[in-house]
Amino acid sequence: MTSVSAPPRVRFAPSPTGFLHVGSARTFIFNWLYTRHNHGVMVLRLDDTDVERNTDASVQSIFEGLRWLGLDWDEEYKQSERLDLHRKAAEAIFARGLAYRDFTPAHVDDDSPSASAHGAWLFNPGMREMSREESDRRAAAGEPFALRYRVPRGEGRILHFVDGVYGAQSRPADEVEDFALLRSAGAPKDRSSSLGLWDGMPTYHLASCVDDADLAISHIIRGQDHLTNTYKHLLIFEALGAPAPHFAHLPLLVAPDGAKLSKRKHGPVVSVTTYRDAGFLPQAFVNFLCLLGWSPKNDRDFLVLDEIRELFTLEGIHRANAVVNFTEEDPFDAKAVWLNAEHIRALPVDELSRCLTPFLAQAGFNPKPEKIAAVVPLIRERIKLLRDAVPAADFFFVPELAPYDPAELIPLKKGETTGDAALALRVLKTAREVLAATPFDHDSLDRALREAAASLGLKAGPMFQPVRVAVCGRKNAPPLFETLMVLGREVCLERIAQAIVLLQSLA
RNA sequence: GGCGCUAUCGUCUAGGGGUUAGGACGUGAGAUUCUCAAUCUUAAAACCCGGGUUCGAUUCCCGGUAGCGCUACCA
């Protein structure tokens, strides 16, 4: 009852067939959370048994994505380096009579599902029941074959397991097809080894289970698309003489159309680099992904990693697929964007400054860190993505304001279509005089500008707008006094002078 | 086709035999303000359908429907 169980060994096993997918990222995050919540060991394993589709570039981009997330792991393996282990395991399973050679030529997938039109294929009797002698003879003759698991049939055997998310699951073994363990090795002449009886490449099922057993993985947390594959895996663990690990399946991430997220169908929104490049903070991205299919059950949405780790349990995982709500115009889920804005606001100024620096640099701005730090408090509540900082703050960094519509210098009363240009001109001239003579601190500017407005018989609004547009080049900008301060007197006077010229030319 | 999983506001979700079905994002309205943003208040918005069990079902059971997954050498 009180026995202390060993710390869990958990793995994340992506296959490097492209960039890091948001779905994979979420699986990684959930595995990490489970591991760290339970003080276990996190194993990262590259499942690269599909030589046709795996690329080095993909391996790089997956690591890049994982590193960006900021979650760590303790051990690292590459499945392709463990090939011998897989083949030896296959041979052992064959030796125990639990698998057989299938000499059926590997069939190319034609698009027509004709073969499975009526009921599921289970096995090929001619192959399953072939005598060992004949099988050996044909293999020795160099005839290519796949190795198939001999699923127990006619014994009324029921396979079952308790899923950490979906609960008790069971299925008669008779319904499980004789799945492949080793792919056929192709034509004999392609093989370099003299004998070459077991040089087929392992399938995912075999390699994955052999490695999970060898690495003593205790908990397999993966996408729900593997739920029904689990029966095969149970059989493999059994054949290996290894205890079956615990399984937990995660609901899938789907697009608004309900389909599983795919690059071909949904474009770059399925790649975590898209989020990174747009200026998501990794902690916000993780926060968002966690909320897709998991709930802390405390009515809170904004969570930091430490809280999530403490609150995370498999019981909190929802069983239905979760929609990532994006559209073509709006590639990011609104909640992800909101969470990002929240995390941006929660960041200390110096940290946010650091995060912003590369985005500014990309736009050609390389201001001093102190300058960025001065600007950050003015824009942090006005940006949702880091990249928004560029359009929000460019006027702080450009030597010369981009051309703007001079009409914006002229305030409009509600309902009006043309404002009082002469008045705007007077405002700017007054402002220039005032700013030339006022200390550039908040209170002084506040007092001086409001007094100037009063002297012109104006309220603050119509007084501030011309000044704001003159120094920022636009109507919507951060609060005026702070903006003037960061810009400095010299720049402000210069820009107001230019605005005056602009306004005069308009008349 | 077979087998499996799932079904609460537009989206993410909480809840659970008797509730005004809760929260969040988004949306509408208002407040505040030097603009924008932020903030605050507020509104609209959901239990897939049909049976059964029950005094009572959105909740439990069955069926249907729909979506998704797996289904002869992808992972």
# chains A, B, ... in the order shown; residues from 1 in each chain; ligands from 1

call {"tool": "interface_residues", "arguments": {"of": "chain B", "to": "chain A", "cutoff": "8 Å", "atoms": "only C-alpha atoms (C1' of nucleotides)", "output": "mmCIF file with C-alpha atoms (C1' of nucleotides), in the first residue's frame"}}
result
data_model
loop_
_atom_site.group_PDB
_atom_site.id
_atom_site.type_symbol
_atom_site.label_atom_id
_atom_site.label_comp_id
_atom_site.auth_asym_id
_atom_site.auth_seq_id
_atom_site.Cartn_x
_atom_site.Cartn_y
_atom_site.Cartn_z
ATOM 1 C "C1'" G B 1 -16.804 -1.358 -44.772
ATOM 2 C "C1'" G B 2 -14.907 -3.023 -39.673
ATOM 3 C "C1'" C B 3 -13.310 -1.553 -34.836
ATOM 4 C "C1'" G B 4 -12.519 2.350 -31.445
ATOM 5 C "C1'" U B 6 -15.556 11.794 -28.604
ATOM 6 C "C1'" A B 7 -19.959 15.193 -28.229
ATOM 7 C "C1'" U B 11 -13.562 28.867 -29.671
ATOM 8 C "C1'" C B 12 -10.954 26.763 -25.072
ATOM 9 C "C1'" U B 13 -13.260 24.702 -20.934
ATOM 10 C "C1'" A B 14 -15.766 23.920 -15.488
ATOM 11 C "C1'" G B 23 -15.026 30.906 -16.097
ATOM 12 C "C1'" A B 24 -11.860 32.621 -20.176
ATOM 13 C "C1'" C B 25 -11.038 34.426 -25.276
ATOM 14 C "C1'" G B 26 -13.673 36.788 -28.986
ATOM 15 C "C1'" C B 34 -4.808 63.674 -24.086
ATOM 16 C "C1'" U B 35 -5.508 59.564 -28.881
ATOM 17 C "C1'" C B 36 -4.761 54.346 -28.908
ATOM 18 C "C1'" A B 37 -4.199 50.561 -25.616
ATOM 19 C "C1'" A B 38 -4.928 48.803 -20.819
ATOM 20 C "C1'" G B 67 -16.599 14.481 -36.045
ATOM 21 C "C1'" C B 68 -12.042 12.241 -35.369
ATOM 22 C "C1'" G B 69 -8.647 7.975 -35.088
ATOM 23 C "C1'" C B 70 -6.904 3.034 -36.448
ATOM 24 C "C1'" U B 71 -7.559 -0.517 -40.250
ATOM 25 C "C1'" A B 72 -1.871 -5.540 -45.219
ATOM 26 C "C1'" C B 73 5.884 -3.413 -44.502
ATOM 27 C "C1'" C B 74 3.943 5.932 -42.185
ATOM 28 C "C1'" A B 75 4.757 7.514 -37.425
#

call {"tool": "residues_around", "arguments": {"residues": "stretch 125-134 of chain A", "least_positions_apart": "3", "cutoff": "8 Å", "atoms": "only C-alpha atoms (C1' of nucleotides)", "output": "MDAnalysis selection string"}}
result
chainID A and resid 100:104 137:138 150

call {"tool": "write_last_selection", "arguments": {"atoms": "N, CA, C and O atoms", "output": "compact mmCIF listing (two decimals), in the first residue's frame"}}
result
# COMPACT_ATOMS: atom_id res chain seq x y z
N TYR A 100 6.26 -14.37 -37.99
CA TYR A 100 6.54 -15.21 -39.16
C TYR A 100 6.93 -14.34 -40.34
O TYR A 100 6.63 -13.14 -40.36
N ARG A 101 7.59 -14.94 -41.29
CA ARG A 101 7.99 -14.21 -42.48
C ARG A 101 6.80 -14.12 -43.45
O ARG A 101 6.06 -15.08 -43.63
N ASP A 102 6.68 -12.97 -44.05
CA ASP A 102 5.63 -12.78 -45.04
C ASP A 102 6.31 -12.40 -46.34
O ASP A 102 6.91 -11.33 -46.45
N PHE A 103 6.23 -13.29 -47.31
CA PHE A 103 6.92 -13.07 -48.58
C PHE A 103 6.06 -12.32 -49.59
O PHE A 103 6.44 -12.16 -50.74
N THR A 104 4.88 -11.92 -49.17
CA THR A 104 4.03 -11.15 -50.08
C THR A 104 4.79 -9.90 -50.51
O THR A 104 5.33 -9.19 -49.66
N ARG A 137 13.88 -21.80 -46.12
CA ARG A 137 14.45 -22.05 -47.44
C ARG A 137 14.30 -20.82 -48.34
O ARG A 137 15.26 -20.37 -48.98
N ARG A 138 13.12 -20.25 -48.35
CA ARG A 138 12.89 -19.09 -49.22
C ARG A 138 13.70 -17.88 -48.77
O ARG A 138 14.22 -17.12 -49.58
N ARG A 150 2.61 -12.73 -35.08
CA ARG A 150 1.57 -13.76 -35.15
C ARG A 150 0.59 -13.50 -34.00
O ARG A 150 0.75 -13.98 -32.88

call {"tool": "atom_distance", "arguments": {"atom1": "atom CA of A:Ile62", "atom2": "atom CA of A:Leu20"}}
result
4.8 Å

call {"tool": "select_by_dssp", "arguments": {"residues": "stretch 28-141 of chain A", "states": "strand (DSSP E)", "output": "list of chain:residue names"}}
result
A:Val41, A:Met42, A:Val43, A:Leu44, A:Arg45, A:Leu46, A:Glu75, A:Glu76, A:Tyr77, A:Lys78, A:Ala99, A:Tyr100, A:Arg101, A:Asp102

call {"tool": "atom_distance", "arguments": {"atom1": "atom CA of A:Ala248", "atom2": "atom CA of A:Asp163"}}
result
5.0 Å

call {"tool": "residues_around", "arguments": {"residues": "stretch 415-427 of chain A", "least_positions_apart": "5", "cutoff": "12 Å", "atoms": "only C-alpha atoms (C1' of nucleotides)", "output": "count of residues only"}}
result
43

call {"tool": "atom_distance", "arguments": {"atom1": "atom CA of A:Ala140", "atom2": "atom CA of A:Ala207"}}
result
24.4 Å

call {"tool": "residues_around", "arguments": {"residues": "B:A29", "least_positions_apart": "3", "cutoff": "12 Å", "atoms": "only C-alpha atoms (C1' of nucleotides)", "output": "ChimeraX atom specification"}}
result
/B:41-44

call {"tool": "write_last_selection", "arguments": {"atoms": "N, CA and C atoms (P, O5', C5', C4', C3', O3' and C1' of nucleotides)", "output": "PDB file, in the first residue's frame"}}
result
ATOM      1  P     U B  41     -15.485  44.347 -13.124  1.00  0.00           P
ATOM      2  O5'   U B  41     -16.812  45.069 -13.598  1.00  0.00           O
ATOM      3  C5'   U B  41     -17.502  45.946 -12.718  1.00  0.00           C
ATOM      4  C4'   U B  41     -18.658  46.599 -13.445  1.00  0.00           C
ATOM      5  C3'   U B  41     -19.562  45.637 -14.201  1.00  0.00           C
ATOM      6  O3'   U B  41     -20.515  45.020 -13.350  1.00  0.00           O
ATOM      7  C1'   U B  41     -19.043  47.493 -15.584  1.00  0.00           C
ATOM      8  P     U B  42     -21.100  43.570 -13.739  1.00  0.00           P
ATOM      9  O5'   U B  42     -21.874  43.884 -15.097  1.00  0.00           O
ATOM     10  C5'   U B  42     -23.041  44.694 -15.082  1.00  0.00           C
ATOM     11  C4'   U B  42     -23.508  44.937 -16.495  1.00  0.00           C
ATOM     12  C3'   U B  42     -23.791  43.681 -17.304  1.00  0.00           C
ATOM     13  O3'   U B  42     -25.083  43.154 -17.034  1.00  0.00           O
ATOM     14  C1'   U B  42     -22.502  45.187 -18.607  1.00  0.00           C
ATOM     15  P     A B  43     -25.423  41.644 -17.387  1.00  0.00           P
ATOM     16  O5'   A B  43     -25.682  41.743 -18.958  1.00  0.00           O
ATOM     17  C5'   A B  43     -26.769  42.521 -19.467  1.00  0.00           C
ATOM     18  C4'   A B  43     -26.762  42.460 -20.971  1.00  0.00           C
ATOM     19  C3'   A B  43     -26.772  41.050 -21.536  1.00  0.00           C
ATOM     20  O3'   A B  43     -28.093  40.547 -21.612  1.00  0.00           O
ATOM     21  C1'   A B  43     -25.105  42.344 -22.624  1.00  0.00           C
ATOM     22  P     A B  44     -28.350  38.991 -21.479  1.00  0.00           P
ATOM     23  O5'   A B  44     -28.026  38.520 -22.971  1.00  0.00           O
ATOM     24  C5'   A B  44     -28.777  39.049 -24.070  1.00  0.00           C
ATOM     25  C4'   A B  44     -28.111  38.645 -25.347  1.00  0.00           C
ATOM     26  C3'   A B  44     -27.764  37.170 -25.448  1.00  0.00           C
ATOM     27  O3'   A B  44     -28.869  36.389 -25.829  1.00  0.00           O
ATOM     28  C1'   A B  44     -25.899  38.458 -26.123  1.00  0.00           C
TER      29        A B  44
END

call {"tool": "closest_residue", "arguments": {"among": "A:Trp68, A:Phe63, A:Tyr34, A:Phe359", "to": "A:Phe19", "atoms": "only C-alpha atoms"}}
result
A:Phe63

call {"tool": "select_by_dssp", "arguments": {"residues": "stretch 65-176 of chain A", "states": "helix (DSSP H, G or I)", "output": "compact mmCIF listing (two decimals) with all heavy atoms, in the first residue's frame"}}
result
# COMPACT_ATOMS: atom_id res chain seq x y z
N GLY A 65 13.04 24.06 -32.25
CA GLY A 65 11.72 24.30 -31.67
C GLY A 65 11.66 23.92 -30.21
O GLY A 65 11.12 24.66 -29.38
N LEU A 66 12.22 22.77 -29.88
CA LEU A 66 12.17 22.31 -28.49
C LEU A 66 12.96 23.24 -27.58
O LEU A 66 12.53 23.56 -26.47
CB LEU A 66 12.72 20.89 -28.39
CG LEU A 66 11.90 19.80 -29.08
CD1 LEU A 66 12.58 18.45 -28.93
CD2 LEU A 66 10.48 19.74 -28.51
N ARG A 67 14.10 23.68 -28.07
CA ARG A 67 14.92 24.59 -27.26
C ARG A 67 14.18 25.90 -27.03
O ARG A 67 14.24 26.48 -25.96
CB ARG A 67 16.27 24.84 -27.94
CG ARG A 67 17.38 23.96 -27.38
CD ARG A 67 18.73 24.29 -27.97
NE ARG A 67 19.07 23.39 -29.05
CZ ARG A 67 19.20 23.77 -30.33
NH1 ARG A 67 19.02 25.02 -30.68
NH2 ARG A 67 19.50 22.87 -31.25
N TRP A 68 13.49 26.34 -28.08
CA TRP A 68 12.75 27.61 -27.95
C TRP A 68 11.69 27.51 -26.85
O TRP A 68 11.47 28.44 -26.09
CB TRP A 68 12.11 27.99 -29.28
CG TRP A 68 11.30 29.24 -29.19
CD1 TRP A 68 11.77 30.52 -29.03
CD2 TRP A 68 9.87 29.35 -29.23
NE1 TRP A 68 10.73 31.42 -28.97
CE2 TRP A 68 9.55 30.73 -29.09
CE3 TRP A 68 8.83 28.44 -29.38
CZ2 TRP A 68 8.24 31.19 -29.10
CZ3 TRP A 68 7.52 28.90 -29.38
CH2 TRP A 68 7.23 30.26 -29.25
N LEU A 69 11.04 26.35 -26.76
CA LEU A 69 10.01 26.17 -25.75
C LEU A 69 10.57 26.35 -24.34
O LEU A 69 9.85 26.70 -23.41
CB LEU A 69 9.37 24.79 -25.87
CG LEU A 69 8.48 24.56 -27.09
CD1 LEU A 69 8.02 23.11 -27.11
CD2 LEU A 69 7.29 25.49 -27.08
N GLN A 79 16.91 6.74 -32.56
CA GLN A 79 16.47 5.39 -32.83
C GLN A 79 17.32 4.71 -33.91
O GLN A 79 17.57 3.51 -33.84
CB GLN A 79 15.01 5.42 -33.26
CG GLN A 79 14.31 4.13 -33.07
CD GLN A 79 12.81 4.29 -33.03
OE1 GLN A 79 12.21 4.77 -33.99
NE2 GLN A 79 12.19 3.92 -31.95
N SER A 80 17.75 5.48 -34.89
CA SER A 80 18.49 4.87 -36.00
C SER A 80 19.82 4.28 -35.53
O SER A 80 20.40 3.44 -36.20
CB SER A 80 18.73 5.91 -37.09
OG SER A 80 19.42 7.02 -36.56
N GLU A 81 20.28 4.72 -34.36
CA GLU A 81 21.55 4.19 -33.84
C GLU A 81 21.33 2.92 -33.03
O GLU A 81 22.27 2.35 -32.50
CB GLU A 81 22.22 5.25 -32.96
CG GLU A 81 22.79 6.40 -33.77
CD GLU A 81 23.11 7.62 -32.93
OE1 GLU A 81 22.91 7.58 -31.70
OE2 GLU A 81 23.54 8.63 -33.53
N ARG A 82 20.10 2.50 -32.96
CA ARG A 82 19.77 1.34 -32.14
C ARG A 82 19.22 0.20 -32.99
O ARG A 82 18.56 -0.71 -32.49
CB ARG A 82 18.77 1.76 -31.07
CG ARG A 82 19.27 2.93 -30.23
CD ARG A 82 18.17 3.62 -29.44
NE ARG A 82 17.50 2.70 -28.54
CZ ARG A 82 17.97 2.37 -27.34
NH1 ARG A 82 19.08 2.91 -26.90
NH2 ARG A 82 17.32 1.52 -26.58
N LEU A 83 19.53 0.28 -34.25
CA LEU A 83 19.01 -0.67 -35.22
C LEU A 83 19.30 -2.12 -34.85
O LEU A 83 18.43 -2.99 -34.98
CB LEU A 83 19.61 -0.33 -36.59
CG LEU A 83 19.00 -0.98 -37.82
CD1 LEU A 83 17.51 -0.71 -37.86
CD2 LEU A 83 19.67 -0.41 -39.07
N ASP A 84 20.51 -2.38 -34.40
CA ASP A 84 20.86 -3.75 -34.04
C ASP A 84 19.93 -4.31 -32.98
O ASP A 84 19.51 -5.46 -33.05
CB ASP A 84 22.30 -3.80 -33.51
CG ASP A 84 23.29 -3.74 -34.65
OD1 ASP A 84 22.85 -3.84 -35.82
OD2 ASP A 84 24.49 -3.59 -34.38
N LEU A 85 19.66 -3.46 -32.02
CA LEU A 85 18.78 -3.86 -30.93
C LEU A 85 17.41 -4.28 -31.48
O LEU A 85 16.85 -5.30 -31.09
CB LEU A 85 18.63 -2.66 -29.99
CG LEU A 85 18.04 -2.89 -28.62
CD1 LEU A 85 18.98 -3.77 -27.81
CD2 LEU A 85 17.83 -1.55 -27.92
N HIS A 86 16.92 -3.49 -32.40
CA HIS A 86 15.60 -3.77 -32.97
C HIS A 86 15.60 -5.08 -33.74
O HIS A 86 14.68 -5.90 -33.62
CB HIS A 86 15.15 -2.63 -33.89
CG HIS A 86 15.22 -1.28 -33.26
ND1 HIS A 86 15.63 -0.15 -33.93
CD2 HIS A 86 14.96 -0.89 -31.98
CE1 HIS A 86 15.59 0.89 -33.10
NE2 HIS A 86 15.20 0.47 -31.92
N ARG A 87 16.65 -5.28 -34.52
CA ARG A 87 16.70 -6.50 -35.33
C ARG A 87 16.89 -7.74 -34.47
O ARG A 87 16.29 -8.78 -34.72
CB ARG A 87 17.82 -6.39 -36.36
CG ARG A 87 17.45 -5.44 -37.49
CD ARG A 87 18.51 -5.40 -38.55
NE ARG A 87 18.10 -4.53 -39.65
CZ ARG A 87 18.95 -3.81 -40.37
NH1 ARG A 87 20.25 -3.86 -40.11
NH2 ARG A 87 18.50 -3.05 -41.36
N LYS A 88 17.69 -7.57 -33.44
CA LYS A 88 17.89 -8.71 -32.53
C LYS A 88 16.59 -9.06 -31.84
O LYS A 88 16.25 -10.23 -31.67
CB LYS A 88 18.97 -8.38 -31.49
CG LYS A 88 20.37 -8.43 -32.07
CD LYS A 88 21.40 -8.69 -30.98
CE LYS A 88 22.80 -8.81 -31.58
NZ LYS A 88 23.37 -7.44 -31.80
N ALA A 89 15.84 -8.02 -31.48
CA ALA A 89 14.55 -8.24 -30.83
C ALA A 89 13.61 -8.96 -31.80
O ALA A 89 12.91 -9.89 -31.42
CB ALA A 89 13.95 -6.92 -30.38
N ALA A 90 13.64 -8.52 -33.05
CA ALA A 90 12.78 -9.14 -34.06
C ALA A 90 13.14 -10.61 -34.22
O ALA A 90 12.27 -11.49 -34.27
CB ALA A 90 12.94 -8.41 -35.39
N GLU A 91 14.43 -10.86 -34.25
CA GLU A 91 14.90 -12.23 -34.42
C GLU A 91 14.46 -13.08 -33.23
O GLU A 91 14.03 -14.24 -33.40
CB GLU A 91 16.42 -12.21 -34.53
CG GLU A 91 16.99 -13.46 -35.14
CD GLU A 91 18.49 -13.33 -35.42
OE1 GLU A 91 19.00 -12.18 -35.44
OE2 GLU A 91 19.13 -14.37 -35.61
N ALA A 92 14.56 -12.52 -32.05
CA ALA A 92 14.17 -13.25 -30.85
C ALA A 92 12.68 -13.55 -30.86
O ALA A 92 12.24 -14.65 -30.48
CB ALA A 92 14.54 -12.44 -29.60
N ILE A 93 11.91 -12.58 -31.30
CA ILE A 93 10.46 -12.80 -31.35
C ILE A 93 10.15 -13.89 -32.37
O ILE A 93 9.32 -14.77 -32.12
CB ILE A 93 9.72 -11.48 -31.73
CG1 ILE A 93 9.87 -10.46 -30.59
CG2 ILE A 93 8.26 -11.75 -32.02
CD1 ILE A 93 9.37 -9.06 -30.92
N PHE A 94 10.88 -13.87 -33.47
CA PHE A 94 10.70 -14.90 -34.50
C PHE A 94 11.09 -16.27 -33.94
O PHE A 94 10.39 -17.26 -34.12
CB PHE A 94 11.56 -14.57 -35.72
CG PHE A 94 11.51 -15.62 -36.79
CD1 PHE A 94 10.42 -15.71 -37.64
CD2 PHE A 94 12.57 -16.53 -36.94
CE1 PHE A 94 10.37 -16.67 -38.63
CE2 PHE A 94 12.51 -17.50 -37.93
CZ PHE A 94 11.42 -17.57 -38.77
N ALA A 95 12.21 -16.27 -33.23
CA ALA A 95 12.71 -17.53 -32.67
C ALA A 95 11.70 -18.14 -31.71
O ALA A 95 11.59 -19.36 -31.60
CB ALA A 95 14.04 -17.29 -31.97
N PRO A 113 -9.07 2.32 -51.88
CA PRO A 113 -9.13 1.50 -50.69
C PRO A 113 -9.84 0.18 -50.97
O PRO A 113 -10.43 -0.41 -50.10
CB PRO A 113 -9.96 2.37 -49.74
CG PRO A 113 -10.84 3.17 -50.63
CD PRO A 113 -10.17 3.27 -51.98
N SER A 114 -9.74 -0.28 -52.19
CA SER A 114 -10.50 -1.46 -52.62
C SER A 114 -10.20 -2.67 -51.76
O SER A 114 -11.09 -3.46 -51.44
CB SER A 114 -10.18 -1.77 -54.07
OG SER A 114 -8.79 -1.94 -54.23
N ALA A 115 -8.94 -2.80 -51.37
CA ALA A 115 -8.54 -3.99 -50.63
C ALA A 115 -9.30 -4.13 -49.32
O ALA A 115 -9.60 -5.23 -48.88
CB ALA A 115 -7.05 -3.94 -50.36
N SER A 116 -9.64 -2.99 -48.72
CA SER A 116 -10.29 -3.07 -47.42
C SER A 116 -11.77 -2.70 -47.52
O SER A 116 -12.36 -2.25 -46.57
CB SER A 116 -9.59 -2.15 -46.43
OG SER A 116 -9.54 -0.84 -46.96
N PRO A 125 -3.26 -16.20 -44.70
CA PRO A 125 -3.11 -17.56 -44.16
C PRO A 125 -1.91 -18.31 -44.77
O PRO A 125 -1.19 -19.00 -44.05
CB PRO A 125 -4.42 -18.25 -44.58
CG PRO A 125 -5.37 -17.14 -44.82
CD PRO A 125 -4.59 -15.96 -45.28
N GLY A 126 -1.71 -18.14 -46.05
CA GLY A 126 -0.60 -18.84 -46.69
C GLY A 126 0.75 -18.49 -46.07
O GLY A 126 1.65 -19.33 -46.00
N MET A 127 0.86 -17.30 -45.61
CA MET A 127 2.11 -16.85 -45.00
C MET A 127 2.17 -17.20 -43.52
O MET A 127 3.17 -17.69 -43.01
CB MET A 127 2.25 -15.34 -45.18
CG MET A 127 2.41 -14.92 -46.62
SD MET A 127 3.90 -15.67 -47.35
CE MET A 127 3.59 -15.38 -49.10
N ARG A 128 1.06 -16.95 -42.85
CA ARG A 128 1.01 -17.20 -41.41
C ARG A 128 1.23 -18.68 -41.10
O ARG A 128 1.85 -19.03 -40.10
CB ARG A 128 -0.34 -16.75 -40.86
CG ARG A 128 -0.47 -16.94 -39.34
CD ARG A 128 -1.81 -16.36 -38.85
NE ARG A 128 -2.14 -16.88 -37.53
CZ ARG A 128 -2.16 -16.15 -36.41
NH1 ARG A 128 -1.87 -14.87 -36.45
NH2 ARG A 128 -2.47 -16.71 -35.25
N ARG A 132 8.02 -23.78 -41.18
CA ARG A 132 9.29 -23.14 -40.86
C ARG A 132 10.36 -23.51 -41.89
O ARG A 132 11.16 -22.67 -42.28
CB ARG A 132 9.72 -23.57 -39.45
CG ARG A 132 11.05 -23.02 -38.99
CD ARG A 132 11.00 -21.50 -38.87
NE ARG A 132 12.33 -21.00 -38.60
CZ ARG A 132 12.84 -20.83 -37.38
NH1 ARG A 132 12.11 -21.10 -36.33
NH2 ARG A 132 14.08 -20.39 -37.22
N GLU A 133 10.29 -24.75 -42.35
CA GLU A 133 11.27 -25.22 -43.34
C GLU A 133 11.18 -24.39 -44.62
O GLU A 133 12.18 -23.90 -45.15
CB GLU A 133 11.05 -26.71 -43.67
CG GLU A 133 11.36 -27.65 -42.53
CD GLU A 133 10.34 -27.54 -41.37
OE1 GLU A 133 9.13 -27.29 -41.63
OE2 GLU A 133 10.77 -27.68 -40.21
N GLU A 134 9.96 -24.26 -45.10
CA GLU A 134 9.80 -23.52 -46.35
C GLU A 134 10.20 -22.06 -46.16
O GLU A 134 10.87 -21.46 -47.00
CB GLU A 134 8.35 -23.59 -46.84
CG GLU A 134 8.18 -22.87 -48.18
CD GLU A 134 6.73 -22.85 -48.67
OE1 GLU A 134 5.87 -23.48 -48.03
OE2 GLU A 134 6.48 -22.17 -49.69
N SER A 135 9.80 -21.51 -45.04
CA SER A 135 10.12 -20.12 -44.75
C SER A 135 11.63 -19.91 -44.74
O SER A 135 12.16 -19.00 -45.37
CB SER A 135 9.52 -19.75 -43.39
OG SER A 135 9.87 -18.44 -43.04
N ASP A 136 12.33 -20.82 -44.06
CA ASP A 136 13.79 -20.71 -43.98
C ASP A 136 14.42 -20.84 -45.37
O ASP A 136 15.35 -20.12 -45.70
CB ASP A 136 14.35 -21.81 -43.07
CG ASP A 136 14.08 -21.52 -41.60
OD1 ASP A 136 13.68 -20.37 -41.29
OD2 ASP A 136 14.26 -22.43 -40.77
N ARG A 137 13.88 -21.80 -46.12
CA ARG A 137 14.45 -22.05 -47.44
C ARG A 137 14.30 -20.82 -48.34
O ARG A 137 15.26 -20.37 -48.98
CB ARG A 137 13.74 -23.25 -48.08
CG ARG A 137 14.30 -23.68 -49.43
CD ARG A 137 13.65 -24.97 -49.92
NE ARG A 137 12.18 -24.96 -49.85
CZ ARG A 137 11.38 -24.23 -50.63
NH1 ARG A 137 11.90 -23.44 -51.54
NH2 ARG A 137 10.08 -24.30 -50.51
N ARG A 138 13.12 -20.25 -48.35
CA ARG A 138 12.89 -19.09 -49.22
C ARG A 138 13.70 -17.88 -48.77
O ARG A 138 14.22 -17.12 -49.58
CB ARG A 138 11.39 -18.75 -49.24
CG ARG A 138 10.61 -19.80 -50.05
CD ARG A 138 9.12 -19.63 -49.92
NE ARG A 138 8.63 -18.42 -50.63
CZ ARG A 138 7.33 -18.18 -50.84
NH1 ARG A 138 6.41 -19.05 -50.44
NH2 ARG A 138 6.97 -17.10 -51.48
N ALA A 139 13.82 -17.74 -47.47
CA ALA A 139 14.62 -16.62 -46.96
C ALA A 139 16.07 -16.80 -47.33
O ALA A 139 16.75 -15.87 -47.76
CB ALA A 139 14.46 -16.51 -45.45
N ALA A 140 16.56 -18.05 -47.18
CA ALA A 140 17.95 -18.33 -47.49
C ALA A 140 18.23 -18.13 -48.97
O ALA A 140 19.34 -17.77 -49.36
CB ALA A 140 18.31 -19.76 -47.06
N ALA A 173 -8.19 -9.98 -29.20
CA ALA A 173 -6.98 -10.11 -30.01
C ALA A 173 -7.33 -10.51 -31.44
O ALA A 173 -6.63 -10.12 -32.38
CB ALA A 173 -6.04 -11.13 -29.39
N ASP A 174 -8.40 -11.24 -31.60
CA ASP A 174 -8.79 -11.69 -32.94
C ASP A 174 -9.04 -10.54 -33.91
O ASP A 174 -9.02 -10.73 -35.12
CB ASP A 174 -10.06 -12.54 -32.85
CG ASP A 174 -9.82 -13.80 -32.05
OD1 ASP A 174 -9.85 -13.70 -30.80
OD2 ASP A 174 -9.57 -14.84 -32.65
N GLU A 175 -9.30 -9.36 -33.37
CA GLU A 175 -9.57 -8.23 -34.25
C GLU A 175 -8.31 -7.48 -34.67
O GLU A 175 -8.36 -6.58 -35.48
CB GLU A 175 -10.50 -7.23 -33.54
CG GLU A 175 -11.92 -7.75 -33.37
CD GLU A 175 -12.79 -6.75 -32.62
OE1 GLU A 175 -12.35 -5.60 -32.40
OE2 GLU A 175 -13.93 -7.12 -32.27

call {"tool": "residues_around", "arguments": {"residues": "A:Ser262", "least_positions_apart": "5", "cutoff": "12 Å", "atoms": "only C-alpha atoms (C1' of nucleotides)", "output": "list in words"}}
result
Gly18, Phe19, Leu20, His21, Val22, Gly23, Ser24, Leu253, Val254, Ala255, Asp257, Gly267, Pro268, Val269, Val270 and Ser271 of chain A
